[in-house]
file run14.csv (CSV, C-alpha atoms)
chain,number,residue,atom,x,y,z
A,77,MET,CA,216.1,197.1,172.6
A,78,LYS,CA,218.7,194.4,172.1
A,79,LYS,CA,221.0,196.3,174.5
A,80,ILE,CA,218.3,196.6,177.1
A,81,PHE,CA,217.7,192.9,176.9
A,82,MET,CA,221.4,192.1,177.2
A,83,PHE,CA,221.7,194.5,180.2
A,84,ALA,CA,218.7,192.8,181.9
A,85,THR,CA,220.1,189.4,181.2
A,86,LEU,CA,223.5,190.4,182.6
A,87,LEU,CA,221.9,192.0,185.7
A,88,PHE,CA,219.8,188.8,186.3
A,89,ALA,CA,222.9,186.6,185.9
A,90,THR,CA,224.9,188.8,188.2
A,91,THR,CA,222.1,188.6,190.8
A,92,ILE,CA,222.0,184.9,190.7
A,93,ALA,CA,225.8,184.5,190.8
A,94,PHE,CA,226.1,186.7,193.9
A,95,SER,CA,223.0,185.4,195.6
A,96,GLN,CA,224.2,184.6,199.0
A,97,ASN,CA,221.0,183.3,200.7
A,98,TYR,CA,221.1,179.9,202.3
A,99,ALA,CA,218.1,178.3,203.8
A,100,THR,CA,216.6,175.0,205.0
A,101,ARG,CA,213.1,173.9,206.2
A,102,THR,CA,214.4,170.9,208.2
A,103,ALA,CA,216.9,172.2,210.7
A,104,HIS,CA,217.0,170.4,214.1
A,105,ILE,CA,216.7,171.9,217.5
A,106,ASN,CA,217.2,169.9,220.7
A,107,VAL,CA,216.0,171.4,224.0
A,108,LYS,CA,216.9,170.1,227.4
A,109,SER,CA,215.6,171.3,230.8
A,110,ALA,CA,216.7,169.7,234.1
A,111,ASN,CA,214.4,168.9,237.0
A,112,ASN,CA,214.3,166.7,240.1
A,113,VAL,CA,213.4,163.4,238.5
A,114,GLN,CA,214.3,163.3,234.8
A,115,ASN,CA,215.4,165.8,232.3
A,116,ILE,CA,212.8,167.0,229.9
A,117,VAL,CA,214.2,166.7,226.4
A,118,ALA,CA,212.5,167.6,223.2
A,119,ASP,CA,213.5,167.6,219.5
A,120,ASN,CA,212.1,169.7,216.6
A,121,TYR,CA,213.0,168.6,213.1
A,122,GLN,CA,210.7,171.1,211.3
A,123,VAL,CA,212.7,174.3,211.8
A,124,ALA,CA,213.2,177.0,209.2
A,125,CYS,CA,216.6,178.6,209.0
A,126,GLN,CA,217.9,181.4,206.8
A,127,LEU,CA,221.3,183.0,206.5
A,128,ASN,CA,222.3,185.9,204.2
A,129,ALA,CA,226.0,185.4,203.7
A,130,GLN,CA,226.5,189.0,202.5
A,131,THR,CA,224.8,190.8,205.4
A,132,GLY,CA,225.1,188.1,208.1
A,133,GLN,CA,221.4,188.3,208.9
A,134,PHE,CA,220.3,185.0,210.4
A,135,LYS,CA,216.9,183.7,211.3
A,136,ILE,CA,215.6,180.5,212.9
A,137,ILE,CA,211.8,179.9,213.3
A,138,ALA,CA,210.5,176.8,215.1
A,139,LEU,CA,206.8,175.9,215.6
A,140,ILE,CA,206.0,175.1,219.2
A,141,LYS,CA,203.7,172.3,218.3
A,142,SER,CA,206.4,170.5,216.2
A,143,PHE,CA,208.4,169.7,219.3
A,144,GLU,CA,208.6,166.0,220.1
A,145,TYR,CA,209.2,165.1,223.7
A,146,GLN,CA,211.3,162.1,224.6
A,147,ILE,CA,209.0,161.3,227.6
A,148,GLY,CA,205.8,159.8,226.2
A,149,ALA,CA,203.5,161.3,228.8
A,150,VAL,CA,204.9,164.8,228.3
A,151,ASN,CA,204.5,164.4,224.5
A,152,ARG,CA,200.9,163.4,224.9
A,153,ALA,CA,200.3,166.2,227.4
A,154,MET,CA,201.8,168.9,225.3
A,155,ASN,CA,200.3,167.9,221.9
A,156,THR,CA,196.7,168.1,222.9
A,157,ARG,CA,194.3,170.6,221.5
A,158,GLU,CA,193.7,172.0,225.0
A,159,ILE,CA,197.2,173.4,225.0
A,160,ASN,CA,196.4,176.4,222.9
A,161,VAL,CA,199.5,178.0,221.3
A,162,THR,CA,197.8,180.1,218.7
A,163,ASN,CA,198.8,183.4,220.3
A,164,TYR,CA,202.4,182.4,220.2
A,165,PRO,CA,202.8,179.5,217.7
A,166,LYS,CA,206.5,180.1,216.9
A,167,ILE,CA,209.8,180.6,218.6
A,168,THR,CA,211.9,183.0,216.6
A,169,TYR,CA,215.6,183.9,216.7
A,170,ASP,CA,216.4,186.9,214.7
A,171,GLY,CA,220.1,187.7,214.7
A,172,THR,CA,223.3,188.6,212.9
A,173,VAL,CA,226.6,186.8,212.4
A,174,THR,CA,229.1,189.1,214.1
A,175,ASN,CA,232.3,187.5,212.7
A,176,LEU,CA,231.3,187.3,209.1
A,177,ASP,CA,234.7,188.6,207.9
A,178,GLN,CA,236.3,185.4,209.3
A,179,ILE,CA,234.1,183.1,207.2
A,180,ASN,CA,234.9,182.3,203.5
A,181,PHE,CA,231.7,180.8,202.0
A,182,SER,CA,233.5,179.9,198.8
A,183,LYS,CA,236.3,177.9,200.5
A,184,PRO,CA,235.4,174.5,202.1
A,185,GLY,CA,236.3,174.2,205.7
A,186,THR,CA,235.1,174.7,209.3
A,187,TYR,CA,234.9,178.1,210.8
A,188,PRO,CA,233.9,179.4,214.2
A,189,ILE,CA,230.7,181.5,214.1
A,190,LYS,CA,229.3,184.0,216.5
A,191,PHE,CA,225.7,185.2,216.6
A,192,LYS,CA,224.0,188.1,218.4
A,193,GLY,CA,220.3,188.6,218.2
A,194,MET,CA,216.9,188.5,219.8
A,195,LEU,CA,215.1,185.4,220.9
A,196,TYR,CA,211.3,185.5,220.9
A,197,ILE,CA,209.7,182.8,223.0
A,198,TRP,CA,206.1,183.1,224.1
A,199,ASP,CA,205.7,186.7,225.2
A,200,GLU,CA,209.3,187.1,226.2
A,201,LYS,CA,212.1,188.5,224.1
A,202,ARG,CA,215.7,188.6,225.1
A,203,VAL,CA,219.1,189.3,223.6
A,204,THR,CA,220.8,186.0,223.1
A,205,ASP,CA,224.4,185.5,222.0
A,206,ALA,CA,225.6,182.1,220.8
A,207,ASN,CA,228.8,180.5,219.4
A,208,GLY,CA,229.1,177.6,217.1
A,209,THR,CA,230.7,176.2,214.0
A,210,LEU,CA,230.0,176.7,210.4
A,211,THR,CA,231.2,174.1,207.9
A,212,VAL,CA,231.3,175.0,204.2
A,213,LEU,CA,231.1,171.8,202.1
A,214,SER,CA,232.5,171.2,198.7
A,215,ASP,CA,229.0,171.1,197.1
A,216,GLY,CA,228.3,174.6,198.3
A,217,THR,CA,226.0,173.7,201.2
A,218,ILE,CA,226.8,174.8,204.7
A,219,GLU,CA,226.3,173.1,208.1
A,220,ALA,CA,225.8,175.3,211.1
A,221,LYS,CA,226.0,173.9,214.7
A,222,SER,CA,225.5,175.7,218.0
A,223,ASN,CA,225.0,175.0,221.6
A,224,PHE,CA,223.8,177.7,224.0
A,225,ASN,CA,221.8,178.2,227.2
A,226,ILE,CA,218.9,180.5,227.8
A,227,ALA,CA,217.2,181.4,231.1
A,228,ILE,CA,213.4,182.0,230.9
A,229,GLU,CA,211.3,183.9,233.3
A,230,GLU,CA,209.9,182.1,236.3
A,231,VAL,CA,206.3,183.1,235.3
A,232,ASN,CA,206.7,181.1,232.1
A,233,THR,CA,208.1,178.0,233.9
A,234,GLN,CA,205.0,178.2,236.1
A,235,LYS,CA,202.8,178.3,233.0
A,236,ILE,CA,204.3,175.1,231.7
A,237,ASP,CA,204.4,173.4,235.1
A,238,LYS,CA,200.6,174.2,235.5
A,239,ILE,CA,200.0,172.5,232.1
A,240,MET,CA,201.9,169.4,233.2
A,241,ARG,CA,200.0,169.3,236.5
A,242,GLU,CA,196.7,169.5,234.7
A,243,LYS,CA,197.4,167.0,232.0
A,244,LEU,CA,199.3,164.2,233.8
A,245,PRO,CA,197.2,161.5,235.5
A,246,VAL,CA,196.2,162.6,239.0
A,247,SER,CA,196.8,159.0,240.3
A,248,LEU,CA,200.5,159.5,239.7
A,249,ASN,CA,200.6,162.3,242.3
A,250,LEU,CA,203.5,164.1,240.6
A,251,LYS,CA,204.6,167.5,241.8
A,252,PRO,CA,205.3,170.0,239.0
A,253,ASN,CA,208.9,170.3,239.9
A,254,MET,CA,209.4,166.6,239.3
A,255,LEU,CA,208.5,166.7,235.6
A,256,GLY,CA,208.2,170.4,234.8
A,257,ILE,CA,210.9,172.6,233.4
A,258,SER,CA,213.5,174.7,235.0
A,259,LYS,CA,214.5,178.3,234.2
A,260,ASN,CA,217.7,177.2,232.6
A,261,ILE,CA,217.3,175.6,229.2
A,262,GLN,CA,220.1,174.1,227.1
A,263,ILE,CA,219.6,174.4,223.3
A,264,LYS,CA,221.5,172.5,220.6
A,265,ALA,CA,220.8,173.6,217.0
A,266,ASP,CA,222.1,172.0,213.8
A,267,ALA,CA,221.2,172.9,210.2
A,268,LYS,CA,222.2,172.0,206.7
A,269,LEU,CA,221.5,175.0,204.5
A,270,LYS,CA,221.5,175.1,200.8
A,271,LYS,CA,222.1,178.1,198.6
A,272,GLN,CA,218.8,179.4,197.2
B,291,MET,CA,213.3,133.7,257.5
B,292,ASN,CA,210.7,134.9,259.9
B,293,ARG,CA,207.3,136.2,258.9
B,294,THR,CA,207.9,139.9,259.5
B,295,LEU,CA,211.0,139.9,257.3
B,296,LYS,CA,209.1,138.2,254.5
B,297,ILE,CA,206.3,140.9,254.8
B,298,ILE,CA,209.0,143.7,254.6
B,299,ILE,CA,210.7,142.2,251.6
B,300,ILE,CA,207.4,141.6,249.8
B,301,THR,CA,206.3,145.2,250.6
B,302,ILE,CA,209.5,146.7,249.3
B,303,ALA,CA,209.4,144.5,246.2
B,304,THR,CA,205.8,145.6,245.5
B,305,ILE,CA,206.6,149.3,245.9
B,306,ALA,CA,209.7,148.9,243.6
B,307,VAL,CA,207.5,147.2,240.9
B,308,LEU,CA,204.8,149.9,241.2
B,309,LEU,CA,207.4,152.7,240.9
B,310,ALA,CA,209.1,151.0,237.9
B,311,GLY,CA,205.6,150.5,236.3
B,312,ALA,CA,204.8,154.2,236.9
B,313,TYR,CA,208.1,155.3,235.4
B,314,LEU,CA,207.7,153.1,232.3
B,315,TYR,CA,204.1,154.3,231.9
B,316,ILE,CA,205.3,157.9,231.9
B,317,ARG,CA,208.4,157.4,229.8
B,318,PHE,CA,206.9,155.2,227.0
B,319,MET,CA,203.2,156.3,227.0
B,320,PRO,CA,202.5,155.9,223.2
B,321,GLU,CA,201.0,158.6,221.1
B,322,LYS,CA,197.8,158.0,219.1
B,323,SER,CA,198.8,157.3,215.5
B,324,VAL,CA,197.4,160.0,213.1
B,325,SER,CA,196.0,157.2,210.9
B,326,LYS,CA,193.7,156.2,213.8
B,327,GLN,CA,192.4,159.7,214.4
B,328,PRO,CA,189.4,161.1,212.7
B,329,THR,CA,190.1,163.6,209.9
B,330,ASP,CA,189.1,167.2,210.8
B,331,PHE,CA,189.6,168.7,207.4
B,332,ALA,CA,190.1,167.3,203.9
B,333,MET,CA,191.3,169.6,201.2
B,334,THR,CA,193.9,170.2,198.5
B,335,ALA,CA,197.3,171.4,199.5
B,336,THR,CA,196.7,174.5,197.4
B,337,ALA,CA,193.5,175.3,199.3
B,338,LEU,CA,195.2,174.9,202.6
B,339,ALA,CA,198.2,177.0,201.7
B,340,GLY,CA,195.8,179.6,200.2
B,341,GLU,CA,193.9,179.9,203.5
B,342,TYR,CA,197.1,180.4,205.4
B,343,GLU,CA,198.4,183.0,202.9
B,344,ALA,CA,195.1,184.9,203.2
B,345,ASN,CA,195.0,185.0,207.0
B,346,THR,CA,197.7,183.3,209.0
B,347,GLU,CA,196.3,184.1,212.5
B,348,ALA,CA,192.8,182.8,211.7
B,349,SER,CA,194.3,179.7,210.0
B,350,ASP,CA,196.4,179.0,213.0
B,351,LYS,CA,193.3,179.0,215.2
B,352,LYS,CA,191.4,176.9,212.7
B,353,PHE,CA,194.1,174.3,211.8
B,354,ILE,CA,196.8,173.9,214.6
B,355,ASP,CA,196.5,170.5,216.3
B,356,ARG,CA,193.8,169.4,213.8
B,357,VAL,CA,194.2,166.3,211.6
B,358,ILE,CA,194.2,167.3,208.0
B,359,GLU,CA,194.1,165.2,204.9
B,360,VAL,CA,195.7,167.0,202.0
B,361,SER,CA,196.1,166.0,198.4
B,362,GLY,CA,198.5,167.5,195.9
B,363,THR,CA,201.5,167.2,193.7
B,364,ILE,CA,205.0,166.5,195.2
B,365,SER,CA,207.4,169.3,194.3
B,366,GLU,CA,210.3,168.3,196.5
B,367,ILE,CA,211.4,165.2,198.4
B,368,SER,CA,214.1,165.4,201.1
B,369,THR,CA,215.2,163.8,204.3
B,370,ASP,CA,215.3,165.7,207.6
B,371,GLU,CA,217.9,165.5,210.4
B,372,ASN,CA,215.9,162.6,211.9
B,373,ASN,CA,216.1,160.7,208.6
B,374,SER,CA,212.3,161.1,208.1
B,375,THR,CA,211.0,161.6,204.6
B,376,VAL,CA,209.7,165.1,203.9
B,377,PHE,CA,207.4,165.8,201.0
B,378,ILE,CA,206.5,169.3,199.9
B,379,LEU,CA,203.2,169.5,198.1
B,380,ARG,CA,202.9,172.5,195.8
B,381,ASP,CA,201.3,173.3,192.5
B,382,ALA,CA,203.4,174.8,189.8
B,383,GLU,CA,201.5,178.1,189.8
B,384,THR,CA,201.5,178.7,193.6
B,385,SER,CA,204.4,180.0,195.7
B,386,THR,CA,203.3,178.5,199.1
B,387,GLY,CA,202.8,174.8,199.7
B,388,VAL,CA,202.5,172.2,202.4
B,389,LEU,CA,205.4,170.5,204.1
B,390,CYS,CA,204.6,167.0,205.2
B,391,THR,CA,207.0,165.1,207.5
B,392,LEU,CA,206.2,161.3,207.4
B,393,ALA,CA,206.0,159.4,210.6
B,394,GLY,CA,208.6,156.6,210.9
B,395,SER,CA,210.0,155.3,207.7
B,396,PRO,CA,207.1,154.0,205.7
B,397,LYS,CA,208.2,151.6,202.9
B,398,ASN,CA,205.6,153.0,200.4
B,399,ALA,CA,207.3,156.4,200.5
B,400,SER,CA,210.0,155.3,198.0
B,401,LYS,CA,207.4,154.8,195.3
B,402,TYR,CA,206.6,158.5,195.1
B,403,ASN,CA,208.7,160.9,193.0
B,404,VAL,CA,208.6,164.6,192.3
B,405,GLY,CA,205.5,165.2,190.2
B,406,SER,CA,203.6,162.3,191.8
B,407,ASN,CA,200.1,163.0,193.2
B,408,VAL,CA,199.7,161.9,196.8
B,409,LYS,CA,197.1,162.1,199.5
B,410,ILE,CA,198.5,162.5,203.0
B,411,LYS,CA,197.1,162.8,206.5
B,412,GLY,CA,198.9,164.7,209.3
B,413,THR,CA,198.6,167.0,212.2
B,414,CYS,CA,199.0,170.7,211.4
B,415,THR,CA,201.5,172.6,213.6
B,416,GLY,CA,201.4,176.0,211.9
B,417,MET,CA,203.3,177.7,209.1
B,418,LEU,CA,207.0,178.4,208.3
B,419,PHE,CA,207.9,178.8,204.6
B,420,GLU,CA,205.0,176.4,204.0
B,421,VAL,CA,202.1,175.1,206.0
B,422,VAL,CA,203.5,172.3,208.2
B,423,LEU,CA,202.0,168.9,208.8
B,424,ASN,CA,203.7,166.5,211.3
B,425,LYS,CA,203.5,162.8,211.9
B,426,CYS,CA,202.0,162.2,208.4
B,427,VAL,CA,200.8,159.0,207.0
B,428,ILE,CA,200.3,158.3,203.3
B,429,ILE,CA,196.7,157.6,202.4
B,430,ASP,CA,197.0,157.1,198.7
call {"tool": "encode", "arguments": {"input": "run14.csv", "output": "structure tokens"}}
result
Amino acid sequence: MKKIFMFATLLFATTIAFSQNYATRTAHINVKSANNVQNIVADNYQVACQLNAQTGQFKIIALIKSFEYQIGAVNRAMNTREINVTNYPKITYDGTVTNLDQINFSKPGTYPIKFKGMLYIWDEKRVTDANGTLTVLSDGTIEAKSNFNIAIEEVNTQKIDKIMREKLPVSLNLKPNMLGISKNIQIKADAKLKKQ
Amino acid sequence: MNRTLKIIIITIATIAVLLAGAYLYIRFMPEKSVSKQPTDFAMTATALAGEYEANTEASDKKFIDRVIEVSGTISEISTDENNSTVFILRDAETSTGVLCTLAGSPKNASKYNVGSNVKIKGTCTGMLFEVVLNKCVIID
């Protein structure tokens, strides 16, 4: 009985020691889309991010309704109950770190990082590669930063433009291409992940 | 300066002011503060998290974009990348909780510690690791 208890304790301690899961609930995503008048820029600070340092599996989940738009009118238009996102409330990136062998999670420093995975946004899914940097800090936390571009389908830009047209005041007589979004979207992501 | 020139200048100036006004209106249109919006649901953090755990899709339909007042015990306090204070309300015996990001930098946030009981009002945006409330204000 004593041996079994000691074995179980050792197994538990080993599991904890080699636990290589990092996570945060408060990563940041910045999204920018150009148009004819002024860029649409939005930030989301309620982003979940998980990284398994052993397998390289990496996941980012952002809630669509947590985006805060820098243009007040867009913010008000997008955060109304009429904009129903319950069919697709999240944007998810499910990927893998492809250069895991070049990163030493036990040695503080900044390393280049490469991801390959699937981005799920509304009813679209597409393979998305990204590069960035990963900094291992002396306290064991890691900081990941990445900038990448995605191109979304025309049909989805039209959906968002339609929403903008319906929600902005008619008196402003704005055309959708003046404040709507374009097919090309720039994304910046940064996250401080703690070992779990 | 003849009369025609004056009319042209005044017209151009009026158009410029109107365009500038329209731009400022669009750019800085303020959002309604959560504190001024009526509460749609008032419940404990455990009850809200429990509903989400039982049926996430139905809960999304019921709670997203709704103003919810939750009460519970603070299990974690942190600061996000925007320097906003984040409380996680979770009871000791439950695995899921409610993440509340406070709007702005309220002075009264610093008086709360892990283990404090708090009542918070915010807009539900869905569920990640926890149920997420945004633009929260502290009620009590």
call {"tool": "atom_distance", "arguments": {"input": "run14.csv", "atom1": "CA of Gln126 in chain A", "atom2": "CA of Ala138 in chain A"}}
result
12.0 Å
call {"tool": "atom_distance", "arguments": {"input": "run14.csv", "atom1": "CA of Thr172 in chain A", "atom2": "CA of Arg202 in chain A"}}
result
14.4 Å
call {"tool": "closest_residue", "arguments": {"input": "run14.csv", "among": "B:Val404, B:Leu314, B:Ala337, B:Ile410", "to": "chain A", "atoms": "only C-alpha atoms"}}
result
B:Leu314
call {"tool": "interface_residues", "arguments": {"input": "run14.csv", "of": "chain B", "to": "chain A", "cutoff": "7 Å", "atoms": "only C-alpha atoms", "output": "list of chain:residue names"}}
result
B:Ile316, B:Arg317, B:Phe318, B:Met319, B:Pro320, B:Glu321, B:Asp350, B:Lys351, B:Asp355, B:Asp370, B:Glu371, B:Asn372, B:Thr415, B:Gly416, B:Leu418, B:Asn424
call {"tool": "atom_distance", "arguments": {"input": "run14.csv", "atom1": "CA of Asn115 in chain A", "atom2": "CA of Met154 in chain A"}}
result
15.6 Å
call {"tool": "residues_around", "arguments": {"input": "run14.csv", "residues": "range 174-180 of chain A", "least_positions_apart": "5", "cutoff": "9 Å", "atoms": "all atoms listed in the file", "output": "compact mmCIF listing (two decimals) with C-alpha atoms, in the frame of the given file"}}
result
# COMPACT_ATOMS: atom_id res chain seq x y z
CA ALA A 129 226.00 185.40 203.70
CA GLN A 130 226.50 189.00 202.50
CA THR A 131 224.80 190.80 205.40
CA GLY A 132 225.10 188.10 208.10
CA GLY A 185 236.30 174.20 205.70
CA THR A 186 235.10 174.70 209.30
CA TYR A 187 234.90 178.10 210.80
CA PRO A 188 233.90 179.40 214.20
CA ILE A 189 230.70 181.50 214.10
CA LYS A 190 229.30 184.00 216.50
CA PHE A 191 225.70 185.20 216.60
CA LYS A 192 224.00 188.10 218.40
CA LEU A 210 230.00 176.70 210.40
CA VAL A 212 231.30 175.00 204.20
call {"tool": "closest_residue", "arguments": {"input": "run14.csv", "among": "A:Val203, A:Gly208, A:Gly193, A:Leu269", "to": "Lys221 in chain A", "atoms": "all atoms listed in the file"}}
result
A:Gly208
call {"tool": "residues_around", "arguments": {"input": "run14.csv", "residues": "Ile378 in chain B", "least_positions_apart": "2", "cutoff": "7 Å", "atoms": "all atoms listed in the file", "output": "list in words"}}
result
Ile364, Ser365, Glu366, Ile367, Val376, Arg380, Gly387, Val388, Leu389 and Cys390 of chain B
